[in-house]
>>> print(open('entry-v1.txt').read())   # compact mmCIF, C-alpha atoms
# COMPACT_ATOMS: atom_id res chain seq x y z
CA MET G 151 -29.01 -69.20 5.37
CA ASN G 152 -30.49 -66.87 2.79
CA ASN G 153 -27.53 -66.93 0.38
CA GLN G 154 -28.90 -64.18 -1.86
CA LEU G 155 -29.28 -61.79 1.06
CA PHE G 156 -25.83 -62.78 2.34
CA GLN G 157 -24.18 -62.02 -1.02
CA GLN G 158 -25.94 -58.65 -1.17
CA ALA G 159 -24.61 -57.79 2.28
CA ARG G 160 -21.08 -58.83 1.25
CA ALA G 161 -21.32 -56.69 -1.87
CA ALA G 162 -22.41 -53.71 0.24
CA TYR G 163 -19.46 -54.32 2.57
CA SER G 164 -17.00 -54.44 -0.34
CA HIS G 165 -18.39 -51.09 -1.53
CA LYS G 166 -17.92 -49.65 2.00
CA ALA G 167 -21.66 -49.34 2.57
CA TYR G 168 -21.19 -50.68 6.08
CA GLU G 169 -24.58 -49.76 7.53
CA GLN G 170 -26.33 -51.49 4.62
CA ALA G 171 -24.05 -54.50 5.02
CA LEU G 172 -24.74 -54.62 8.77
CA ALA G 173 -28.48 -54.59 8.15
CA GLY G 174 -28.13 -57.37 5.55
CA PHE G 175 -26.04 -59.69 7.76
CA THR G 176 -28.45 -59.07 10.65
CA ARG G 177 -31.47 -59.99 8.49
CA CYS G 178 -29.69 -63.20 7.46
CA LEU G 179 -29.20 -64.03 11.13
CA GLN G 180 -32.87 -63.37 11.91
CA ASP G 181 -34.39 -64.98 8.80
CA ALA G 182 -36.52 -67.79 10.25
CA GLU G 183 -37.43 -69.12 6.78
CA SER G 184 -33.77 -69.89 5.98
CA PRO G 185 -32.32 -71.88 8.89
CA LEU G 186 -28.60 -71.63 9.51
CA ALA G 187 -26.27 -74.51 8.80
CA PRO G 188 -23.46 -75.39 11.25
CA GLY G 189 -20.84 -72.64 11.23
CA GLU G 190 -23.03 -70.05 9.52
CA MET G 191 -24.01 -68.32 12.76
CA GLY G 192 -20.33 -67.80 13.54
CA GLN G 193 -19.70 -66.51 10.02
CA LEU G 194 -22.55 -64.00 10.26
CA TYR G 195 -21.48 -62.70 13.67
CA HIS G 196 -17.93 -62.43 12.32
CA GLN G 197 -19.14 -60.22 9.48
CA ILE G 198 -21.40 -58.22 11.80
CA GLY G 199 -18.40 -57.55 14.01
CA ASN G 200 -16.41 -56.36 11.00
CA CYS G 201 -19.18 -53.94 10.04
CA LEU G 202 -19.37 -52.56 13.58
CA ILE G 203 -15.61 -51.96 13.59
CA LYS G 204 -15.85 -50.08 10.30
CA LEU G 205 -18.64 -48.04 11.88
CA SER G 206 -16.34 -47.18 14.82
CA ASN G 207 -18.24 -49.22 17.37
CA PRO G 208 -15.64 -51.60 18.86
CA ALA G 209 -17.64 -52.28 22.04
CA GLU G 210 -20.55 -53.83 20.13
CA ALA G 211 -18.10 -55.48 17.73
CA ILE G 212 -16.61 -57.33 20.71
CA GLN G 213 -20.06 -58.69 21.54
CA ALA G 214 -20.52 -59.88 17.96
CA TYR G 215 -17.09 -61.52 17.76
CA THR G 216 -17.71 -63.22 21.10
CA GLN G 217 -20.93 -64.68 19.65
CA ALA G 218 -18.93 -65.89 16.65
CA THR G 219 -16.47 -67.76 18.89
CA ALA G 220 -19.41 -69.52 20.56
CA ASP G 221 -20.17 -71.33 17.28
CA THR G 222 -17.79 -74.30 17.55
CA ALA G 223 -18.60 -75.31 13.97
CA TYR G 224 -17.16 -72.07 12.57
CA ASP G 225 -13.62 -72.72 11.36
CA ALA G 226 -12.22 -69.16 11.61
CA PHE G 227 -11.60 -69.30 15.35
CA GLY G 228 -8.11 -67.78 15.08
CA ALA G 229 -9.19 -64.92 12.83
CA VAL G 230 -12.12 -64.01 15.08
CA ASN G 231 -9.90 -63.97 18.17
CA TYR G 232 -7.40 -61.81 16.31
CA ASN G 233 -10.20 -59.37 15.54
CA LEU G 234 -11.31 -59.51 19.15
CA GLY G 235 -7.80 -58.64 20.25
CA MET G 236 -7.66 -55.69 17.86
CA ALA G 237 -11.04 -54.44 19.09
CA TYR G 238 -9.90 -54.61 22.72
CA ALA G 239 -6.64 -52.86 21.78
CA SER G 240 -8.60 -50.02 20.17
CA LEU G 241 -10.27 -49.54 23.59
CA HIS G 242 -6.83 -49.56 25.28
CA ASP G 243 -7.65 -52.83 27.05
CA TYR G 244 -4.27 -54.40 26.31
CA GLU G 245 -4.59 -57.23 28.84
CA ASP G 246 -7.65 -58.71 27.10
CA ALA G 247 -6.15 -57.90 23.71
CA ALA G 248 -3.02 -59.92 24.47
CA LEU G 249 -5.10 -62.86 25.71
CA HIS G 250 -7.10 -63.04 22.46
CA PHE G 251 -3.98 -62.72 20.32
CA GLU G 252 -2.55 -65.67 22.24
CA VAL G 253 -5.70 -67.67 21.53
CA ALA G 254 -5.46 -66.72 17.85
CA VAL G 255 -1.93 -68.09 17.43
CA SER G 256 -2.93 -71.32 19.16
CA ASP G 257 -5.35 -72.09 16.30
CA GLN G 258 -3.47 -74.38 13.92
CA ARG G 259 -5.90 -73.45 11.13
CA TYR G 260 -4.98 -69.76 11.35
CA ALA G 261 -2.85 -69.21 8.24
CA THR G 262 -1.30 -65.83 9.21
CA PRO G 263 -0.27 -66.07 12.86
CA TYR G 264 2.41 -63.41 12.31
CA LYS G 265 -0.36 -60.80 12.43
CA ALA G 266 -1.45 -61.94 15.88
CA PHE G 267 2.16 -62.23 17.09
CA LEU G 268 2.92 -58.71 15.88
CA ALA G 269 -0.21 -57.29 17.49
CA MET G 270 0.48 -59.30 20.66
CA GLY G 271 3.95 -57.76 20.88
CA ASN G 272 2.47 -54.28 20.56
CA ALA G 273 -0.06 -54.96 23.33
CA LEU G 274 2.61 -56.39 25.62
CA LEU G 275 4.81 -53.33 25.04
CA LYS G 276 1.88 -51.17 26.09
CA LEU G 277 1.77 -53.21 29.29
CA GLY G 278 5.49 -52.66 29.86
CA LYS G 279 6.38 -56.32 29.26
CA SER G 280 9.40 -55.87 27.03
CA ALA G 281 10.71 -59.43 27.30
CA GLU G 282 7.36 -61.07 26.49
CA ALA G 283 6.85 -58.58 23.66
CA GLY G 284 10.28 -59.50 22.29
CA VAL G 285 9.29 -63.17 22.17
CA ALA G 286 6.12 -62.27 20.24
CA PHE G 287 7.98 -60.07 17.75
CA ARG G 288 10.57 -62.79 17.23
CA GLU G 289 7.80 -65.29 16.45
CA ALA G 290 6.28 -62.81 14.00
CA ALA G 291 9.67 -62.40 12.29
CA LEU G 292 10.22 -66.16 12.02
CA ASP G 293 6.69 -66.93 10.80
CA GLU G 294 6.97 -68.26 7.24
CA SER G 295 3.63 -66.70 6.36
CA ASN G 296 5.00 -63.21 7.05
CA PRO G 297 5.77 -61.55 3.69
CA ASP G 298 7.60 -58.61 5.33
CA PRO G 299 9.22 -59.19 8.74
CA THR G 300 10.56 -55.63 8.83
CA LYS G 301 8.17 -54.25 11.45
CA ALA G 302 8.59 -57.31 13.64
CA LEU G 303 12.38 -57.08 13.49
CA LEU G 304 12.34 -53.31 14.10
CA ASN G 305 10.15 -53.72 17.17
CA LEU G 306 12.23 -56.66 18.34
CA GLY G 307 15.20 -54.33 18.30
CA VAL G 308 13.24 -51.86 20.42
CA CYS G 309 12.59 -54.62 22.95
CA PHE G 310 16.26 -55.58 23.06
CA MET G 311 17.18 -51.95 23.68
CA ALA G 312 14.64 -51.80 26.53
CA LEU G 313 16.23 -54.98 27.97
CA ASP G 314 19.73 -53.43 27.87
CA ARG G 315 20.78 -55.72 25.04
CA PRO G 316 22.01 -53.30 22.35
CA ALA G 317 24.23 -55.89 20.62
CA ASP G 318 21.16 -58.04 19.93
CA ALA G 319 19.26 -54.92 18.85
CA VAL G 320 22.01 -54.34 16.27
CA SER G 321 21.47 -57.86 14.91
CA SER G 322 17.71 -57.31 14.76
CA TYR G 323 17.99 -54.00 12.91
CA GLU G 324 20.60 -55.36 10.48
CA SER G 325 18.36 -58.33 9.69
CA ALA G 326 15.43 -56.00 9.06
CA LEU G 327 17.53 -54.05 6.55
CA GLN G 328 17.88 -57.23 4.43
CA PHE G 329 14.23 -57.07 3.47
CA VAL G 330 12.58 -54.87 0.90
CA GLN G 331 10.91 -51.87 2.53
CA ASP G 332 10.02 -48.30 1.78
CA LYS G 333 12.55 -45.50 2.08
CA ALA G 334 11.08 -44.03 5.25
CA THR G 335 11.24 -47.35 7.09
CA ARG G 336 14.80 -47.94 5.93
CA ASN G 337 15.83 -44.50 7.23
CA ARG G 338 14.18 -45.18 10.56
CA LEU G 339 15.96 -48.52 10.80
CA GLN G 340 19.30 -46.88 10.08
CA ALA G 341 18.68 -44.31 12.82
CA ASN G 342 17.71 -47.08 15.27
CA LEU G 343 20.82 -48.97 14.25
CA GLY G 344 22.94 -45.88 14.87
CA GLN G 345 21.64 -45.57 18.41
CA ALA G 346 22.17 -49.27 19.07
CA PHE G 347 25.79 -48.92 17.91
CA VAL G 348 26.24 -45.94 20.25
CA ALA G 349 24.87 -48.03 23.13
CA CYS G 350 27.44 -50.71 22.19
CA GLY G 351 30.23 -48.15 21.98
CA GLN G 352 30.74 -48.66 18.22
CA MET G 353 30.95 -44.97 17.36
CA GLN G 354 32.27 -45.13 13.79
CA LYS G 355 29.58 -47.65 12.84
CA ALA G 356 27.02 -45.44 14.54
CA ILE G 357 28.05 -42.45 12.42
CA THR G 358 27.81 -44.56 9.25
CA ALA G 359 24.27 -45.65 10.18
CA PHE G 360 23.12 -42.14 11.12
CA GLU G 361 24.51 -40.72 7.86
CA ALA G 362 22.72 -43.43 5.89
CA ALA G 363 19.46 -42.39 7.57
CA LEU G 364 20.05 -38.74 6.65
CA ALA G 365 21.49 -39.32 3.18
CA ASP G 366 18.38 -38.56 1.13
CA LYS G 367 17.48 -35.53 3.32
CA SER G 368 13.92 -36.78 3.84
CA TYR G 369 14.42 -38.08 7.38
CA PHE G 370 15.03 -36.11 10.57
CA LEU G 371 16.53 -37.60 13.68
CA SER G 372 14.63 -37.49 16.94
CA ASP G 373 16.09 -35.48 19.81
CA SER G 374 17.61 -38.57 21.44
CA ALA G 375 19.06 -39.77 18.14
CA SER G 376 20.57 -36.36 17.48
CA VAL G 377 22.26 -36.46 20.88
CA ASP G 378 23.69 -39.90 20.14
CA TYR G 379 24.82 -38.79 16.68
CA GLN G 380 26.73 -35.86 18.16
CA ARG G 381 28.16 -38.10 20.85
CA ALA G 382 29.46 -40.51 18.22
CA ILE G 383 30.99 -37.68 16.20
CA GLY G 384 32.68 -36.32 19.32
CA ALA G 385 34.05 -39.72 20.26
CA VAL G 386 35.48 -40.34 16.78
CA SER G 387 37.02 -36.86 16.63
CA GLN G 388 38.83 -37.67 19.87
CA GLY G 389 40.12 -40.95 18.51
CA SER G 390 37.61 -43.16 20.30
CA ALA G 391 35.79 -44.81 17.41
CA GLN G 392 35.24 -47.95 19.47
CA ILE G 393 34.67 -47.45 23.18
CA THR G 394 33.60 -50.93 24.18
CA GLN G 395 33.53 -54.30 22.50
CA VAL G 396 30.17 -55.49 21.24
CA ILE G 397 29.28 -58.49 23.38
CA SER G 398 25.79 -59.90 23.56
CA PRO G 399 24.50 -59.85 27.14
CA VAL G 400 23.10 -63.32 26.45
CA ARG G 401 26.63 -64.59 26.00
CA ASN G 402 28.19 -62.55 28.81
CA GLN G 403 25.94 -61.86 31.76
CA GLY G 404 28.69 -59.82 33.38
CA ALA G 405 28.93 -57.24 30.62
CA ALA G 406 28.65 -53.66 31.83
CA ASN G 407 25.38 -51.88 31.22
CA ALA G 408 25.57 -49.84 28.02
CA ASP G 409 24.62 -46.20 27.72
CA MET G 410 20.86 -46.15 27.06
CA SER G 411 20.21 -42.53 26.12
CA GLY G 412 17.18 -43.51 24.07
CA PHE G 413 16.34 -44.98 20.71
CA ASP G 414 14.79 -43.56 17.59
CA VAL G 415 11.32 -44.97 16.99
CA SER G 416 8.25 -43.23 15.66
CA SER G 417 7.72 -39.52 16.27
CA GLU G 418 5.42 -40.28 19.20
CA GLY G 419 8.20 -42.18 20.93
CA THR G 420 6.49 -45.54 20.47
CA PRO G 421 7.27 -48.68 18.50
CA VAL G 422 5.86 -49.21 15.02
CA TYR G 423 2.29 -50.50 15.14
CA PRO G 424 0.43 -52.28 12.37
CA ASP G 425 -2.20 -50.61 10.25
CA HIS G 426 -5.44 -51.92 11.73
CA ASP G 427 -7.37 -51.68 8.49
CA ALA G 428 -4.69 -53.66 6.70
CA TYR G 429 -5.01 -56.57 9.11
CA TYR G 430 -8.60 -56.52 10.27
CA TYR G 431 -11.49 -58.76 9.47
CA GLN G 432 -10.74 -61.33 6.82
CA ASP G 433 -13.59 -63.59 5.74
CA ALA G 434 -11.20 -66.50 5.27
CA TYR G 435 -7.52 -67.27 5.71
CA GLU G 436 -5.30 -65.84 3.02
CA THR G 437 -2.18 -67.57 1.72
CA ALA G 438 1.01 -65.50 1.72
CA THR G 439 3.50 -65.99 -1.09
CA GLY G 440 6.92 -64.66 -1.93
CA ILE G 441 8.29 -65.25 1.55
CA GLN G 442 11.95 -64.40 2.01
CA PRO G 443 13.80 -66.66 4.44
CA VAL G 444 14.88 -65.12 7.72
CA GLU G 445 18.56 -65.55 8.51
CA GLU G 446 18.95 -67.44 11.79
CA ASP G 447 22.65 -66.95 12.46
CA ASN G 448 22.14 -63.74 14.44
CA PRO G 449 22.35 -63.78 18.25
CA PHE G 450 18.74 -62.83 18.85
CA PHE G 451 17.48 -65.89 16.99
CA THR G 452 19.49 -68.24 19.18
CA ALA G 453 18.62 -66.60 22.51
CA THR G 454 16.23 -68.86 24.40
CA ASP G 455 12.96 -67.79 25.93
CA GLU G 456 14.43 -68.64 29.35
CA GLU G 457 17.31 -66.22 28.73
CA ILE G 458 14.94 -63.44 27.73
CA GLU G 459 12.79 -64.20 30.79
CA GLN G 460 15.84 -64.02 33.07
CA TRP G 461 16.72 -60.62 31.66
CA SER G 462 13.14 -59.52 32.11
CA LYS G 463 13.16 -60.58 35.79
CA GLY G 464 16.39 -58.73 36.34
CA LYS G 465 14.97 -55.62 34.71
CA VAL G 466 11.77 -55.86 36.77
CA LYS G 467 13.83 -56.20 39.95
CA ALA G 468 15.96 -53.22 38.98
CA ASP G 469 12.88 -51.21 38.03
CA ARG G 470 11.28 -52.08 41.38
CA LYS G 471 14.42 -50.95 43.20
CA ARG G 472 14.48 -47.72 41.21
CA ARG G 473 10.80 -47.17 41.93
CA ASN G 474 11.35 -47.70 45.68
CA VAL G 475 14.20 -45.20 45.64
CA GLY G 476 12.04 -42.84 43.65
CA LEU G 477 9.15 -43.19 46.10
CA LYS G 478 11.44 -42.44 49.04
CA ALA G 479 12.83 -39.42 47.25
CA LEU G 480 9.30 -38.28 46.41
CA ALA G 481 8.26 -38.64 50.07
CA VAL G 482 11.23 -36.53 51.16
CA VAL G 483 10.39 -33.88 48.56
CA ILE G 484 6.75 -33.81 49.69
CA LEU G 485 7.80 -33.41 53.32
CA LEU G 486 10.16 -30.58 52.40
CA VAL G 487 7.44 -28.86 50.38
CA LEU G 488 4.96 -29.21 53.24
CA ALA G 489 7.52 -27.85 55.70
CA ALA G 490 8.25 -24.93 53.39
CA CYS G 491 4.53 -24.23 53.00
CA ALA G 492 4.04 -24.34 56.77
CA ALA G 493 6.95 -21.95 57.26
CA CYS G 494 5.52 -19.58 54.64
CA VAL G 495 2.11 -19.63 56.32
CA ALA G 496 3.70 -18.90 59.70
CA LEU G 497 5.70 -16.02 58.26
CA TYR G 498 2.63 -14.66 56.49
CA VAL G 499 0.62 -14.70 59.73
CA GLN G 500 3.47 -12.87 61.46
CA GLY G 501 3.43 -10.13 58.85
CA TRP G 502 5.99 -11.30 56.33
CA GLY G 503 5.39 -10.19 52.76
CA TYR G 504 6.98 -9.21 49.50
CA PRO G 505 7.58 -6.37 49.11
CA SER G 506 8.15 -6.13 52.86
CA GLN G 507 7.13 -3.25 55.13
CA GLN G 508 10.79 -2.12 55.24
CA THR G 509 11.00 -2.01 51.45
CA VAL G 510 7.79 0.01 51.12
CA ILE G 511 8.87 2.49 53.82
CA ASP G 512 12.31 2.95 52.25
CA GLU G 513 10.69 3.65 48.87
CA LEU G 514 8.26 6.14 50.43
CA PHE G 515 11.01 8.19 52.13
CA ALA G 516 13.48 7.94 49.21
CA ASP G 517 11.17 10.00 46.96
CA PRO G 518 7.84 10.88 48.63
CA LYS G 519 6.34 12.59 45.56
CA ALA G 520 7.08 9.70 43.18
CA ALA G 521 5.95 7.17 45.79
CA VAL G 522 2.40 8.52 45.70
CA SER G 523 1.62 6.39 42.64
CA THR G 524 3.47 3.25 43.79
CA VAL G 525 3.39 2.61 47.54
CA PHE G 526 -0.09 3.72 48.60
CA ALA G 527 -2.97 1.27 48.79
CA SER G 528 -5.53 1.34 45.99
CA GLU G 529 -8.30 2.49 48.32
CA VAL G 530 -6.37 5.69 49.15
CA ASN G 531 -7.45 8.56 46.91
CA GLU G 532 -4.56 10.11 44.96
CA ASP G 533 -5.21 13.59 46.35
CA VAL G 534 -5.25 12.20 49.89
CA ALA G 535 -2.03 10.28 49.23
CA THR G 536 -0.40 13.47 47.90
CA SER G 537 -1.38 15.44 50.99
CA MET G 538 -0.05 12.67 53.29
CA ALA G 539 3.26 12.53 51.36
CA GLU G 540 3.80 16.30 51.43
CA PRO G 541 5.14 16.61 55.04
CA ILE G 542 7.43 13.57 54.67
CA VAL G 543 11.10 14.43 54.90
CA GLN G 544 13.14 12.83 52.16
CA ASP G 545 15.64 10.44 53.71
CA ASP G 546 17.42 7.61 51.93
CA GLU G 547 17.97 5.75 55.19
CA PRO G 548 15.03 6.30 57.55
CA THR G 549 15.13 4.56 60.92
CA ILE G 550 12.31 2.22 61.90
CA ASP G 551 11.96 2.68 65.67
CA GLY G 552 9.33 0.00 66.10
CA MET G 553 6.81 -2.11 64.26
CA GLU G 554 3.57 -3.78 65.29
CA ALA G 555 2.78 -6.36 62.62
CA SER G 556 -0.08 -8.78 62.17
CA MET G 557 -1.30 -10.84 59.25
CA SER G 558 -3.40 -8.07 57.71
CA ASP G 559 -2.03 -4.74 58.94
CA THR G 560 1.15 -3.14 60.33
CA THR G 561 1.92 0.01 62.29
CA ALA G 562 5.48 1.30 61.90
CA TYR G 563 7.15 4.14 63.80
CA VAL G 564 9.77 5.84 61.63
CA THR G 565 12.32 8.59 62.25
CA ALA G 566 13.64 10.62 59.31
CA THR G 567 16.61 13.00 59.42
CA THR G 568 16.25 16.45 57.86
CA PRO G 569 19.04 18.06 55.76
CA GLU G 570 19.75 20.40 58.69
CA GLY G 571 20.35 17.45 61.04
CA GLY G 572 17.03 17.49 62.87
CA THR G 573 14.64 14.53 63.15
CA VAL G 574 10.96 14.03 62.40
CA GLN G 575 8.94 11.05 63.54
CA TYR G 576 6.03 9.44 61.71
CA ARG G 577 3.47 6.74 62.28
CA ILE G 578 2.97 4.72 59.08
CA MET G 579 -0.03 2.43 58.69
CA LEU G 580 0.29 -0.38 56.15
CA VAL G 581 -2.22 -2.94 54.88
CA ARG G 582 -1.91 -6.20 52.96
CA ASP G 583 -1.73 -6.07 49.17
CA PHE G 584 -1.90 -9.76 48.17
CA ILE G 585 1.38 -11.07 49.65
CA GLY G 586 2.99 -7.63 49.97
CA TRP G 587 2.24 -4.35 51.73
CA LYS G 588 0.95 -0.89 50.82
CA VAL G 589 0.70 2.35 52.80
CA SER G 590 -2.79 3.27 54.03
CA SER G 591 -1.94 6.37 56.06
CA VAL G 592 0.97 8.59 57.16
CA GLU G 593 0.86 10.96 60.13
CA LEU G 594 3.36 12.90 62.23
CA TYR G 595 4.04 11.20 65.52
CA PHE G 596 4.93 12.84 68.84
CA PRO G 597 5.88 10.24 71.44
CA SER G 598 5.43 12.65 74.33
CA GLN G 599 1.77 13.10 73.46
CA ASN G 600 1.20 9.35 73.44
CA GLN G 601 2.62 8.57 76.86
CA ASP G 602 0.23 7.57 79.58
>>> encode(input="entry-v1.txt", output="structure tokens")
Amino acid sequence: MNNQLFQQARAAYSHKAYEQALAGFTRCLQDAESPLAPGEMGQLYHQIGNCLIKLSNPAEAIQAYTQATADTAYDAFGAVNYNLGMAYASLHDYEDAALHFEVAVSDQRYATPYKAFLAMGNALLKLGKSAEAGVAFREAALDESNPDPTKALLNLGVCFMALDRPADAVSSYESALQFVQDKATRNRLQANLGQAFVACGQMQKAITAFEAALADKSYFLSDSASVDYQRAIGAVSQGSAQITQVISPVRNQGAANADMSGFDVSSEGTPVYPDHDAYYYQDAYETATGIQPVEEDNPFFTATDEEIEQWSKGKVKADRKRRNVGLKALAVVILLVLAACAACVALYVQGWGYPSQQTVIDELFADPKAAVSTVFASEVNEDVATSMAEPIVQDDEPTIDGMEASMSDTTAYVTATTPEGGTVQYRIMLVRDFIGWKVSSVELYFPSQNQD
């Protein structure tokens, strides 16, 4: 390999000149005068993939990383598969992403498997696999190369909450609080812890956790956390600081399901995801130092994978049952809506409308002069409408003697009573106005002149 050209490309990459770096690595790959040694093809494709990611081209980066994995002499198999997983995740292909993260952690030479475990957990959560995600986050937390297990423990708590295991979520959040983290993350953890305590029925502890999250006035509870905070305050004020005993569902399969009103995660309602740029595309394996030991006396560390899988199966079964019930309910709702629509169509064809013919006629006779501007159809000239309204006798309760209604027009025969006690009959023609009716003509009607 042309080492001088390779070093120039690396320098360009370090200075964020990614297009220049991409061109340099590509020339190295194509330089026929400097043949590649074993492993160098994989190294070049690895770097090309990194450049393509930085240039926001994950699809082509996947092709480059795949070429890198084809070089069996290249010793960064785990790192390349991690990058492949991240590239697939950026395209929302979480199935393929999870597969490559799994391959990455299987590489014994990969010095930072916690990164792949953490990313694997995120991908599995996107796929709705809370139990499998919990296993991945637990592995990330226990990985000795992980300098800060906080995110892994926080997300593990989210998984336990999704699996109806709030007591284990409490243990996960409390373990995360033992590590050094920024103020915002600590506040979020305290809020999560507060909601886990509420789900366990430990209301006084929940209040303490929520108040710790709000203490520096820089953090705001989510809607669901605010509801739980108020619930805890209400319970304590009524003398119910502890509603139920905290028992891990792993230890007691018969424990009642806790109240799962929600849990406080990021503002988008999703778990905490890693910063891609912070984890992407290392040329070699880095060595982590300053690792703090993870305490293993908490319930979630001793829960077996089989136990988590059993809970997952139970949750899937329950979810399937809920979905079936939901589908049946949806089918009923659809049928009711269709029936209602059919009824509305039938009524419309028969002349039903809003306002109805009766309403329009009552308004016309209640105040004929004022009705000129409100009840007549738009195609009726105002002067014509005024002349038609002039002979109408004002009557608050006119009698409709008959009505011939169709979908588009109606003829109504109306009798109005004069102040002197006499009667006057009218023939009112109405036309459709969207779903309602308007008057198109008014004329005096003499039944005797219309008899055969």
>>> atom_distance(input="entry-v1.txt", atom1="CA of Leu179 in chain G", atom2="CA of Ala211 in chain G")
15.5 Å
>>> residues_near_point(input="entry-v1.txt", point="(9.6, 0.5, 68.3)", cutoff="10 Å", atoms="all atoms listed in the file", output="list of chain:residue names")
G:Ile550, G:Asp551, G:Gly552, G:Met553, G:Glu554, G:Thr561, G:Ala562, G:Tyr563, G:Val564
>>> residues_near_point(input="entry-v1.txt", point="(-25.3, -63.8, 3.6)", cutoff="10 Å", atoms="all atoms listed in the file", output="PyMOL selection string")
chain G and resi 151-161+171+174-179+190+193-194+197
>>> atom_distance(input="entry-v1.txt", atom1="CA of Asp332 in chain G", atom2="CA of Ala375 in chain G")
20.5 Å
>>> closest_residue(input="entry-v1.txt", among="G:Pro263, G:Gly586, G:Gly351, G:Pro208", to="Tyr238 in chain G", atoms="only C-alpha atoms")
G:Pro208
>>> closest_residue(input="entry-v1.txt", among="G:Glu540, G:Glu361, G:Asp314, G:Glu570", to="Glu593 in chain G", atoms="all atoms listed in the file")
G:Glu540
>>> residues_around(input="entry-v1.txt", residues="range 506-509 of chain G", least_positions_apart="6", cutoff="8 Å", atoms="all atoms listed in the file", output="number ranges by chain")
G: 560, 580, 586-588
>>> residues_around(input="entry-v1.txt", residues="Leu275 in chain G", least_positions_apart="3", cutoff="12 Å", atoms="only C-alpha atoms", output="number ranges by chain")
G: 239, 244-245, 247-248, 268-272, 278-287, 305-306, 308-310, 312-313, 420-423
>>> atom_distance(input="entry-v1.txt", atom1="CA of Met557 in chain G", atom2="CA of Asp517 in chain G")
27.2 Å
>>> residues_around(input="entry-v1.txt", residues="Asp559 in chain G", least_positions_apart="4", cutoff="8 Å", atoms="all atoms listed in the file", output="list in words")
Gly501, Ala555, Met579, Leu580, Val581 and Arg582 of chain G
>>> residues_around(input="entry-v1.txt", residues="Asn231 in chain G", least_positions_apart="6", cutoff="12 Å", atoms="only C-alpha atoms", output="PyMOL selection string")
chain G and resi 196+199+211-220+225+237-238+246-257+260+263+265-266+269-270+430-432
>>> write_last_selection(input="entry-v1.txt", atoms="C-alpha atoms", output="short mmCIF file (atom, residue, chain, number, x, y, z; two decimals), in the frame of the given file")
data_model
loop_
_atom_site.label_atom_id
_atom_site.label_comp_id
_atom_site.auth_asym_id
_atom_site.auth_seq_id
_atom_site.Cartn_x
_atom_site.Cartn_y
_atom_site.Cartn_z
CA HIS G 196 -17.93 -62.43 12.32
CA GLY G 199 -18.40 -57.55 14.01
CA ALA G 211 -18.10 -55.48 17.73
CA ILE G 212 -16.61 -57.33 20.71
CA GLN G 213 -20.06 -58.69 21.54
CA ALA G 214 -20.52 -59.88 17.96
CA TYR G 215 -17.09 -61.52 17.76
CA THR G 216 -17.71 -63.22 21.10
CA GLN G 217 -20.93 -64.68 19.65
CA ALA G 218 -18.93 -65.89 16.65
CA THR G 219 -16.47 -67.76 18.89
CA ALA G 220 -19.41 -69.52 20.56
CA ASP G 225 -13.62 -72.72 11.36
CA ALA G 237 -11.04 -54.44 19.09
CA TYR G 238 -9.90 -54.61 22.72
CA ASP G 246 -7.65 -58.71 27.10
CA ALA G 247 -6.15 -57.90 23.71
CA ALA G 248 -3.02 -59.92 24.47
CA LEU G 249 -5.10 -62.86 25.71
CA HIS G 250 -7.10 -63.04 22.46
CA PHE G 251 -3.98 -62.72 20.32
CA GLU G 252 -2.55 -65.67 22.24
CA VAL G 253 -5.70 -67.67 21.53
CA ALA G 254 -5.46 -66.72 17.85
CA VAL G 255 -1.93 -68.09 17.43
CA SER G 256 -2.93 -71.32 19.16
CA ASP G 257 -5.35 -72.09 16.30
CA TYR G 260 -4.98 -69.76 11.35
CA PRO G 263 -0.27 -66.07 12.86
CA LYS G 265 -0.36 -60.80 12.43
CA ALA G 266 -1.45 -61.94 15.88
CA ALA G 269 -0.21 -57.29 17.49
CA MET G 270 0.48 -59.30 20.66
CA TYR G 430 -8.60 -56.52 10.27
CA TYR G 431 -11.49 -58.76 9.47
CA GLN G 432 -10.74 -61.33 6.82
#
